[in-house]
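Q: Below you will find the structure I want to go over with you.
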Amino acid sequence: MELKPAAATKADAIRAFMGEMPFAGRRPIFVGDDLTDLDGFAAVERAGGLSVAVGDRVQAQVRVASPRDVRMLLADLAEGRVSGA
């Protein structure tokens, strides 16, 4: 279950975060697994970031099978083993 103000979206939250330090000027990564995450995917993609879908319920730039795979992807990105997927 997700609780949020009726007018707020995940895209709104991403835009707000990206306007503040330490996020300003950085590349956002958004990970999600259902339809409520689609606007978040779109927001990070518009900002030049990376969208990551967990499982096969939604589409994003990158798809991983499980939360464990998310952790592995983030570690690989942090260590420079993959370049922005």
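How things are named: the first chain in the structure tokens is A, the next is B, and so on; residues count from 1 in each chain; ligands count from 1 in the order shown.
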Find the residues near Glu45 (chain A): any atom within 10 Å, counting only C-alpha atoms, skip ones fewer than 4 places away on the same chain, and give them as number ranges by chain.
A: A: 27-30, 39-41, 49-51, 60-61
Q: Within chain A, find each residue whose DSSP state, derived from the backbone, is alpha helix (DSSP H), and express the selection as a ChimeraX atom specification.
A: /A:10-18,38-46,67-78
Q: For Gly55 (chain A), find every residue with an atom within 8 Å (counting only C-alpha atoms), except residues of its own chain fewer than 2 positions away, and show them as a short mmCIF file (atom, residue, chain, number, x, y, z; two decimals) with N, CA and C atoms, in the first residue's frame.
A:
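Result written to result.cif:
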data_model
loop_
_atom_site.label_atom_id
_atom_site.label_comp_id
_atom_site.auth_asym_id
_atom_site.auth_seq_id
_atom_site.Cartn_x
_atom_site.Cartn_y
_atom_site.Cartn_z
N ASP A 33 8.44 -1.42 -9.54
CA ASP A 33 7.95 -2.73 -9.97
C ASP A 33 6.48 -2.76 -10.33
N ALA A 53 13.28 -1.47 -13.91
CA ALA A 53 12.09 -2.24 -13.56
C ALA A 53 12.52 -3.54 -12.88
N ARG A 57 6.35 -6.71 -14.69
CA ARG A 57 5.05 -6.04 -14.70
C ARG A 57 5.07 -4.69 -15.40
N VAL A 58 6.22 -4.05 -15.45
CA VAL A 58 6.35 -2.73 -16.10
C VAL A 58 7.62 -2.68 -16.93
N ARG A 63 15.85 -3.86 -17.01
CA ARG A 63 15.00 -4.77 -16.26
C ARG A 63 15.89 -5.74 -15.48
N VAL A 64 15.54 -5.95 -14.22
CA VAL A 64 16.20 -6.96 -13.40
C VAL A 64 15.12 -7.86 -12.82
N ALA A 65 15.52 -9.04 -12.39
CA ALA A 65 14.54 -10.03 -11.95
C ALA A 65 14.11 -9.88 -10.49
N SER A 66 14.99 -9.36 -9.64
CA SER A 66 14.70 -9.40 -8.20
C SER A 66 15.38 -8.25 -7.47
#
Q: May I ask which of the residues A:Val54, A:Val62, A:Leu77, A:Ala11 is the closest one to Ala42 (chain A), counting only C-alpha atoms?
A: A:Ala11
Q: Which residue, A:Ala8, A:Met21, A:Ile14, A:Val82, has the smallest gap to Ala47 (chain A) when you use only C-alpha atoms?
A: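 The closest residue to Ala47 (chain A) is A:Ile14.
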Q: List every residue of chain A that DSSP, applied to the backbone of this structure, assigns to strand (DSSP E or B), and report them as JSON, numbers by chain.
A: {"A": [29, 30, 31, 32, 50, 51, 52, 53, 54, 62, 63, 64]}
Q: Enter the distance from CA of Ala43 (chain A) to CA of Arg81 (chain A), in Å, rounded to one decimal.
A: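 Atom-to-atom, CA of Ala43 (chain A) and CA of Arg81 (chain A) are spaced 25.1 Å apart.
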Q: Do you have the CA of Leu35 (chain A)-CA of Pro22 (chain A) distance handy?
A: 28.1 Å
Q: If you measure from CA of Gln59 (chain A) to CA of Thr36 (chain A), what distance in Å do you get, rounded to one decimal?
A: 12.0 Å
